[in-house]
Structure formats: C-alpha cells, structure tokens
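> Hey, dropping run.txt in here, compact mmCIF, C-alpha atoms:
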```txt
# COMPACT_ATOMS: atom_id res chain seq x y z
CA PRO A 1 9.20 -49.84 -161.44
CA GLU A 2 6.74 -50.95 -164.12
CA THR A 3 5.26 -48.47 -166.56
CA SER A 4 1.54 -47.97 -166.49
CA ILE A 5 -0.66 -47.58 -169.57
CA THR A 6 -0.38 -43.79 -169.06
CA GLY A 7 3.40 -43.93 -169.49
CA ARG A 8 4.05 -43.01 -165.87
CA PRO A 9 6.12 -45.21 -163.61
CA GLU A 10 3.89 -47.42 -161.51
CA HIS A 11 4.95 -48.69 -158.13
CA ARG A 12 2.94 -51.75 -157.13
CA ARG A 13 2.77 -52.80 -153.53
CA PRO A 14 3.33 -56.48 -152.80
CA ARG A 15 0.03 -58.32 -152.48
CA ALA A 16 -0.69 -59.12 -148.88
CA ARG A 17 -1.30 -62.69 -147.83
CA GLY A 18 -4.83 -61.75 -146.88
CA ASP A 19 -5.50 -60.65 -150.45
CA PHE A 20 -4.71 -64.14 -151.72
CA ALA A 21 -7.04 -65.69 -149.16
CA GLN A 22 -9.79 -63.29 -150.18
CA HIS A 23 -9.16 -64.15 -153.82
CA ARG A 24 -9.43 -67.87 -153.07
CA ARG A 25 -12.70 -67.32 -151.23
CA ALA A 26 -14.08 -65.31 -154.12
CA ALA A 27 -13.01 -67.96 -156.61
CA ALA A 28 -14.63 -70.68 -154.51
CA ALA A 29 -17.85 -68.66 -154.32
CA MET A 30 -17.83 -68.20 -158.09
CA ALA A 31 -17.29 -71.92 -158.60
CA LYS A 32 -20.15 -72.69 -156.24
CA ARG A 33 -22.48 -70.34 -158.11
CA ALA A 34 -21.46 -71.92 -161.40
CA ARG A 35 -22.09 -75.37 -159.96
CA GLN A 36 -25.54 -74.32 -158.82
CA VAL A 37 -26.41 -73.25 -162.35
CA THR A 38 -24.77 -75.97 -164.40
CA ASP A 39 -24.71 -79.20 -162.41
CA PRO A 40 -27.43 -81.51 -163.72
CA HIS A 41 -29.23 -83.67 -161.22
CA ALA A 42 -31.36 -86.76 -161.46
CA VAL A 43 -34.21 -87.89 -159.26
CA VAL A 44 -34.73 -91.48 -158.15
CA VAL A 45 -38.21 -92.23 -156.85
CA LEU A 46 -38.38 -95.37 -154.74
CA ALA A 47 -41.70 -97.05 -155.53
CA ALA A 48 -40.91 -100.78 -155.61
CA GLY A 49 -42.01 -101.90 -152.16
CA GLY A 50 -44.72 -104.44 -151.50
CA SER A 51 -46.46 -102.53 -148.67
CA THR A 52 -46.89 -105.81 -146.83
CA ARG A 53 -47.49 -104.25 -143.41
CA LEU A 54 -50.00 -101.77 -144.80
CA GLY A 55 -51.97 -104.36 -146.73
CA GLN A 56 -52.42 -102.17 -149.84
CA PRO A 57 -50.04 -100.43 -152.26
CA LYS A 58 -48.93 -97.24 -150.52
CA GLN A 59 -47.78 -95.84 -153.86
CA LEU A 60 -51.42 -95.68 -154.97
CA LEU A 61 -52.85 -93.95 -151.92
CA THR A 62 -54.17 -90.55 -152.88
CA ARG A 63 -53.86 -86.97 -151.68
CA GLN A 64 -56.48 -84.68 -153.18
CA GLY A 65 -57.21 -87.35 -155.76
CA GLU A 66 -53.58 -87.72 -156.87
CA THR A 67 -51.64 -90.90 -156.14
CA LEU A 68 -48.63 -90.44 -153.88
CA VAL A 69 -46.22 -91.69 -156.53
CA HIS A 70 -47.67 -89.34 -159.16
CA ARG A 71 -47.47 -86.46 -156.72
CA VAL A 72 -43.84 -86.93 -155.76
CA VAL A 73 -42.82 -87.34 -159.41
CA ARG A 74 -44.71 -84.17 -160.31
CA LEU A 75 -43.03 -82.23 -157.50
CA ALA A 76 -39.61 -83.52 -158.51
CA LEU A 77 -40.17 -82.47 -162.12
CA GLU A 78 -40.79 -78.89 -160.99
CA LEU A 79 -37.07 -78.66 -160.13
CA ALA A 80 -36.09 -79.32 -163.76
CA PRO A 81 -33.98 -82.47 -163.29
CA ALA A 82 -32.04 -84.05 -166.13
CA GLN A 83 -34.03 -87.23 -165.60
CA VAL A 84 -36.49 -88.86 -163.23
CA LEU A 85 -36.28 -92.61 -162.65
CA VAL A 86 -39.14 -94.37 -160.88
CA VAL A 87 -38.09 -97.74 -159.52
CA VAL A 88 -41.05 -100.12 -159.61
CA GLY A 89 -41.32 -103.69 -158.40
CA ALA A 90 -44.38 -104.96 -156.56
CA ASN A 91 -47.55 -103.81 -158.33
CA ALA A 92 -45.31 -102.57 -161.14
CA GLN A 93 -48.04 -102.30 -163.76
CA ALA A 94 -50.42 -100.30 -161.59
CA VAL A 95 -47.66 -97.98 -160.33
CA THR A 96 -46.37 -97.42 -163.87
CA SER A 97 -49.88 -96.67 -165.10
CA SER A 98 -50.36 -94.11 -162.34
CA ILE A 99 -47.47 -91.96 -163.63
CA ALA A 100 -48.46 -92.14 -167.30
CA GLY A 101 -48.14 -88.75 -168.95
CA LEU A 102 -45.32 -87.57 -166.70
CA ASP A 103 -41.78 -87.15 -168.02
CA ALA A 104 -40.39 -89.98 -165.93
CA THR A 105 -38.86 -93.36 -166.76
CA PRO A 106 -40.03 -96.47 -164.90
CA VAL A 107 -37.27 -99.01 -164.25
CA THR A 108 -38.07 -102.41 -162.80
CA ASN A 109 -36.47 -103.95 -159.75
CA HIS A 110 -37.22 -107.64 -160.17
CA HIS A 111 -35.69 -108.33 -156.76
CA TRP A 112 -37.53 -105.67 -154.76
CA GLU A 113 -37.92 -108.07 -151.83
CA ARG A 114 -34.19 -107.68 -151.16
CA GLY A 115 -34.72 -104.16 -149.89
CA LEU A 116 -33.92 -100.58 -150.67
CA ALA A 117 -30.34 -101.16 -151.78
CA SER A 118 -31.49 -103.36 -154.65
CA SER A 119 -33.66 -100.50 -155.96
CA LEU A 120 -30.72 -98.08 -155.73
CA GLN A 121 -28.60 -100.52 -157.71
CA VAL A 122 -31.23 -100.71 -160.43
CA ALA A 123 -31.49 -96.93 -160.56
CA GLY A 124 -27.72 -96.51 -160.69
CA ALA A 125 -27.54 -98.61 -163.85
CA HIS A 126 -29.88 -96.19 -165.64
CA LEU A 127 -28.44 -92.81 -164.59
CA LEU A 128 -27.38 -90.52 -167.42
CA PRO A 129 -23.60 -90.08 -167.68
CA THR A 130 -23.92 -86.29 -167.38
CA VAL A 131 -25.65 -86.43 -163.98
CA THR A 132 -23.50 -85.32 -161.04
CA ALA A 133 -26.04 -85.35 -158.19
CA VAL A 134 -28.96 -87.63 -157.41
CA MET A 135 -32.00 -86.79 -155.33
CA VAL A 136 -33.51 -89.89 -153.73
CA VAL A 137 -37.14 -89.65 -152.69
CA ALA A 138 -39.72 -92.07 -151.39
CA CYS A 139 -43.40 -92.06 -152.24
CA ASP A 140 -44.71 -92.86 -148.76
CA GLN A 141 -44.09 -89.48 -147.09
CA PRO A 142 -47.44 -87.81 -147.80
CA ALA A 143 -46.45 -84.45 -146.25
CA ILE A 144 -43.69 -83.86 -148.80
CA GLU A 145 -43.75 -80.56 -150.67
CA ARG A 146 -41.74 -78.94 -153.43
CA SER A 147 -40.13 -76.66 -150.84
CA HIS A 148 -38.57 -79.69 -149.10
CA LEU A 149 -37.00 -80.88 -152.33
CA GLN A 150 -35.77 -77.41 -153.28
CA ALA A 151 -34.17 -76.91 -149.87
CA LEU A 152 -32.33 -80.22 -150.14
CA LEU A 153 -31.10 -79.54 -153.67
CA SER A 154 -29.89 -76.05 -152.80
CA GLY A 155 -28.34 -77.27 -149.58
CA ALA A 156 -26.44 -80.07 -151.28
CA ARG A 157 -25.06 -77.72 -153.90
CA ALA A 158 -23.68 -75.48 -151.17
CA ALA A 159 -22.38 -78.29 -148.90
CA ALA A 160 -18.74 -79.30 -148.94
CA SER A 161 -19.72 -82.96 -149.40
CA ALA A 162 -22.38 -82.15 -152.02
CA CYS A 163 -24.80 -84.09 -149.79
CA ALA A 164 -28.06 -83.29 -148.07
CA GLY A 165 -30.39 -85.43 -146.00
CA THR A 166 -33.54 -85.19 -143.92
CA ARG A 167 -33.29 -85.51 -140.15
CA HIS A 168 -35.22 -88.45 -138.71
CA GLY A 169 -34.41 -88.54 -135.01
CA SER A 170 -30.68 -89.23 -134.78
CA ALA A 171 -30.49 -90.48 -138.37
CA LEU A 172 -30.37 -88.90 -141.82
CA GLY A 173 -32.53 -90.30 -144.57
CA VAL A 174 -34.79 -89.58 -147.51
CA PRO A 175 -35.48 -87.37 -149.17
CA ALA A 176 -31.78 -86.85 -149.70
CA VAL A 177 -29.27 -85.68 -152.29
CA VAL A 178 -26.04 -87.60 -152.82
CA PRO A 179 -23.24 -87.56 -155.40
CA ARG A 180 -23.75 -89.77 -158.42
CA ALA A 181 -20.48 -91.52 -157.54
CA TRP A 182 -22.22 -93.11 -154.55
CA PHE A 183 -24.14 -95.32 -156.95
CA THR A 184 -20.96 -96.98 -158.29
CA PRO A 185 -20.73 -99.27 -156.45
CA VAL A 186 -23.87 -98.59 -154.52
CA GLY A 187 -23.02 -97.62 -150.96
CA ALA A 188 -26.12 -99.17 -149.45
CA ALA A 189 -27.26 -102.48 -148.06
CA GLY A 190 -30.63 -104.04 -147.33
CA ASP A 191 -33.18 -101.40 -146.35
CA ARG A 192 -30.64 -98.88 -145.06
CA GLY A 193 -30.05 -97.02 -148.31
CA PHE A 194 -27.41 -94.29 -148.03
CA GLY A 195 -28.32 -93.37 -144.45
CA ALA A 196 -25.27 -94.95 -142.85
CA ARG A 197 -22.95 -93.21 -145.25
CA LEU A 198 -24.61 -89.84 -144.68
CA ARG A 199 -24.21 -90.25 -140.92
CA GLN A 200 -20.48 -90.81 -141.35
CA LEU A 201 -20.00 -87.37 -142.86
CA PRO A 202 -18.81 -84.53 -140.59
CA ALA A 203 -21.80 -82.50 -139.46
CA ASP A 204 -20.50 -79.31 -141.04
CA MET A 205 -20.11 -80.95 -144.44
CA VAL A 206 -23.68 -82.09 -145.05
CA HIS A 207 -26.84 -80.03 -145.30
CA VAL A 208 -29.52 -81.25 -142.91
CA LEU A 209 -33.19 -80.61 -143.55
CA GLN A 210 -35.26 -80.26 -140.39
CA ALA A 211 -38.78 -81.30 -141.41
CA PRO A 212 -40.54 -83.30 -138.66
CA GLU A 213 -43.59 -83.74 -140.86
CA LEU A 214 -41.56 -86.00 -143.13
CA GLY A 215 -41.08 -88.37 -140.21
CA LEU A 216 -44.50 -89.83 -140.98
CA ASP A 217 -44.10 -92.48 -143.65
CA VAL A 218 -47.04 -94.73 -144.31
CA ASP A 219 -45.95 -98.25 -143.38
CA THR A 220 -48.80 -99.51 -141.21
CA PRO A 221 -52.57 -99.01 -140.87
CA GLU A 222 -51.83 -96.84 -137.84
CA ASP A 223 -49.57 -94.61 -139.95
CA LEU A 224 -52.30 -94.36 -142.54
CA ALA A 225 -54.83 -93.28 -139.93
CA ARG A 226 -52.45 -90.57 -138.67
CA ALA A 227 -51.84 -89.31 -142.20
CA ARG A 228 -55.57 -89.13 -142.83
CA ASP A 229 -56.12 -87.27 -139.58
CA ALA A 230 -53.49 -84.75 -140.70
CA GLY A 231 -55.20 -84.29 -144.06
CA TRP A 232 -52.28 -85.72 -146.03
CA ILE A 233 -54.14 -88.76 -147.32
CA ASP A 234 -57.67 -88.86 -148.69
CA THR A 235 -60.27 -90.67 -146.65
CA GLU A 236 -61.94 -93.68 -148.18
```
Please re-express this file's structure in structure tokens.


Amino acid sequence: PETSITGRPEHRRPRARGDFAQHRRAAAAMAKRARQVTDPHAVVVLAAGGSTRLGQPKQLLTRQGETLVHRVVRLALELAPAQVLVVVGANAQAVTSSIAGLDATPVTNHHWERGLASSLQVAGAHLLPTVTAVMVVACDQPAIERSHLQALLSGARAAASACAGTRHGSALGVPAVVPRAWFTPVGAAGDRGFGARLRQLPADMVHVLQAPELGLDVDTPEDLARARDAGWIDTE
C-alpha cells in the first residue's frame, strides 16, 4: 500500500469505470465553459444586395429613425465581437455612410449581382486570423433583436458542431453562426449561403433558433407593408 502524507498506509480502491466517464464529462464541460469565454467571434453583415424587387435600398429603410443596416450593426456590436464586417455592393456609398461612427469595417463586393455566396467570399478574405466563429446576419429582417443574436451565439458555443441557425420553415438560415473554417473555401453557392450545409448537420449537433418573426424579410413592397403594419418599419 502507498503511504499517505500522514505517514499511515493508504489503501486506494481502483477507480471505477464510471468515475472515468464522469471525469471526461467534467473535463468536456470545463472546456466548453472556457470556449464560451475565450473564443473570439466575428460578425458578417450582408448589405450588398440591390433590392431590385423592393424598388428602394432595403438597407436604408428605418425603424424608429435608425436605418436597418445601422441597427443590426449596433446590435451585433453589443455582443463584443472581435470584428464586424459589413459587405456592401449596390448603393455602397449610401450604405457605408449610414454606418459611419460605428466600429465596423465596410468591405466591397464588386460582384454583388452573383448572389449571397459572393458576399461571403469577400467577407472570408477579411476575417481576422484569431476568429474561430462567424455570425452571419442580414439587414432585411426588421424584427431582429439583440436577444436573437445572443441566443444564436450561446447556442453555437454549446453545440457539438459549433453551429447555430434560425428556423425558416423546413430550412435553416440567417441569422446564423458557423465555424470560420466554413469560409475557406466558402461552402456556399449563389443565393443559398450556408443553409444547405447547415441542413446536412445532424439535428442534435446544431442549435436551432425558433423565431417566427424573423421569417419576415423585406424583399417586396408587400413585405414592406407587412413590416410597417407590425411596427418594425417606419411609415413614410
């Protein structure tokens, strides 16, 4: 038998298999808590679209006097990201001017007509090397709140895949949180973004945000009318 620090013989029982499993679970929980504190995240705001169906720049619509793009950047900044990239394209000058004074970096997608994937590619080229997770948000979901973004970020940090997405019918989409590695090479095509890749993940490995109000994105005059009726967009 081993001798304890008191000088008395010490008989140690063999550690049961269950003890090792409990130890592994505790270690995994500690690692998860550490990841939640230390993992830096970036935010990519998609604001390059031409709003052709709407007939006016959706990024510059206002809610309580604040443009939608300014509002979503401001909300994202409240979560203390390592960086915020705002991808601009159509109406780039006006959109960039509308976020002046915020700690965000505009990056230009000169090929915004090619769809969402082209904006994600532009953003991926500007991500800081220390970033491990990326929150992707649009600026045409006027009901979005800080609580939505916080829930997604917390959910992704706890998920086995490190991913979180918002439920839109049978699909997952933005706002979403994905690993930085998904940007190299970008796992998106056309206007589909990362949605297809999120749907391929096992259901128990991705955090899903249930927020029906985010299903209203302002693409058409009819959408705009609905958003105004709901009080999410200022009336003219």

> What does the structure give for the distance between CA of Leu54 (chain A) and CA of Glu222 (chain A), in Å to one decimal?

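If I compute the distance from CA of Leu54 (chain A) to CA of Glu222 (chain A), I get 8.7 Å.
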
> Please identify all polymer residues lying at most 10 Å from the point (-32.7, -101.0, -159.3) (file coordinates), using only C-alpha atoms, and present the result as a VMD selection string.

chain A and resid 44 46 48 85 to 89 107 to 112 116 to 126

> Of the candidates A:Gln141, A:Ser161, A:Ser51, A:Thr235, which shows the shortest atom-to-atom distance to Glu213 (chain A), using all atoms listed in the file?

A:Gln141

> CA of Pro175 (chain A) and CA of Gln59 (chain A) are how many Å apart?

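Calculated distance between CA of Pro175 (chain A) and CA of Gln59 (chain A) is 15.7 Å.
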
> Find the residues near region 67-79 of chain A: any atom within 8 Å, counting all atoms listed in the file, skip ones fewer than 3 places away on the same chain, and give them as a list in words.

Val43, Val45, Ala47, Lys58, Gln59, Leu60, Leu61, Thr62, Arg63, Val84, Val95, Ser98, Ile99, Leu102, Asp103, Ala104, Val137, Ala138, Cys139, Asp140, Pro142, Ile144, Glu145, Arg146, Leu149 and Gln150 of chain A

> Out of A:Gly65, A:His148, A:Ala162, A:Asp219, which residue has the shortest atom-to-atom distance to Leu201 (chain A) when counting only C-alpha atoms?

A:Ala162

> Counting only C-alpha atoms, which residues sit no farther than 7 Å from the position (-50.3, -88.8, -142.4) in the file's frame? I'd like them as a list in words.

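The residues that fall inside the cut-off are Pro142, Ala143, Leu216, Asp223, Leu224, Ala225, Arg226, Ala227, Arg228, Asp229, Ala230, Gly231, Trp232 and Ile233 of chain A.
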
> Let me see the file: selected residues, C-alpha atoms, as a short mmCIF file (atom, residue, chain, number, x, y, z; two decimals), in the coordinates of the input.


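Writing done, so here's result-v4.cif:
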```cif
data_model
loop_
_atom_site.label_atom_id
_atom_site.label_comp_id
_atom_site.auth_asym_id
_atom_site.auth_seq_id
_atom_site.Cartn_x
_atom_site.Cartn_y
_atom_site.Cartn_z
CA PRO A 142 -47.44 -87.81 -147.80
CA ALA A 143 -46.45 -84.45 -146.25
CA LEU A 216 -44.50 -89.83 -140.98
CA ASP A 223 -49.57 -94.61 -139.95
CA LEU A 224 -52.30 -94.36 -142.54
CA ALA A 225 -54.83 -93.28 -139.93
CA ARG A 226 -52.45 -90.57 -138.67
CA ALA A 227 -51.84 -89.31 -142.20
CA ARG A 228 -55.57 -89.13 -142.83
CA ASP A 229 -56.12 -87.27 -139.58
CA ALA A 230 -53.49 -84.75 -140.70
CA GLY A 231 -55.20 -84.29 -144.06
CA TRP A 232 -52.28 -85.72 -146.03
CA ILE A 233 -54.14 -88.76 -147.32
#
```

> Between A:Leu128, A:Leu209, A:Ala82, A:Ala133, single out the one closest to Trp182 (chain A), counting all atoms listed in the file.

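Closest to Trp182 (chain A), using all atoms listed in the file: A:Ala133.
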
> What is the CA of Thr130 (chain A)-CA of Gln83 (chain A) distance in Å, reported with one decimal?

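Result for CA of Thr130 (chain A) versus CA of Gln83 (chain A): 10.3 Å, one decimal.
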
> For each of A:Thr220, A:Glu236, A:Val206, A:Phe183, take the minimum atom-to-atom distance to Leu152 (chain A), counting all atoms listed in the file, then give the residue where this is smallest.

A:Val206
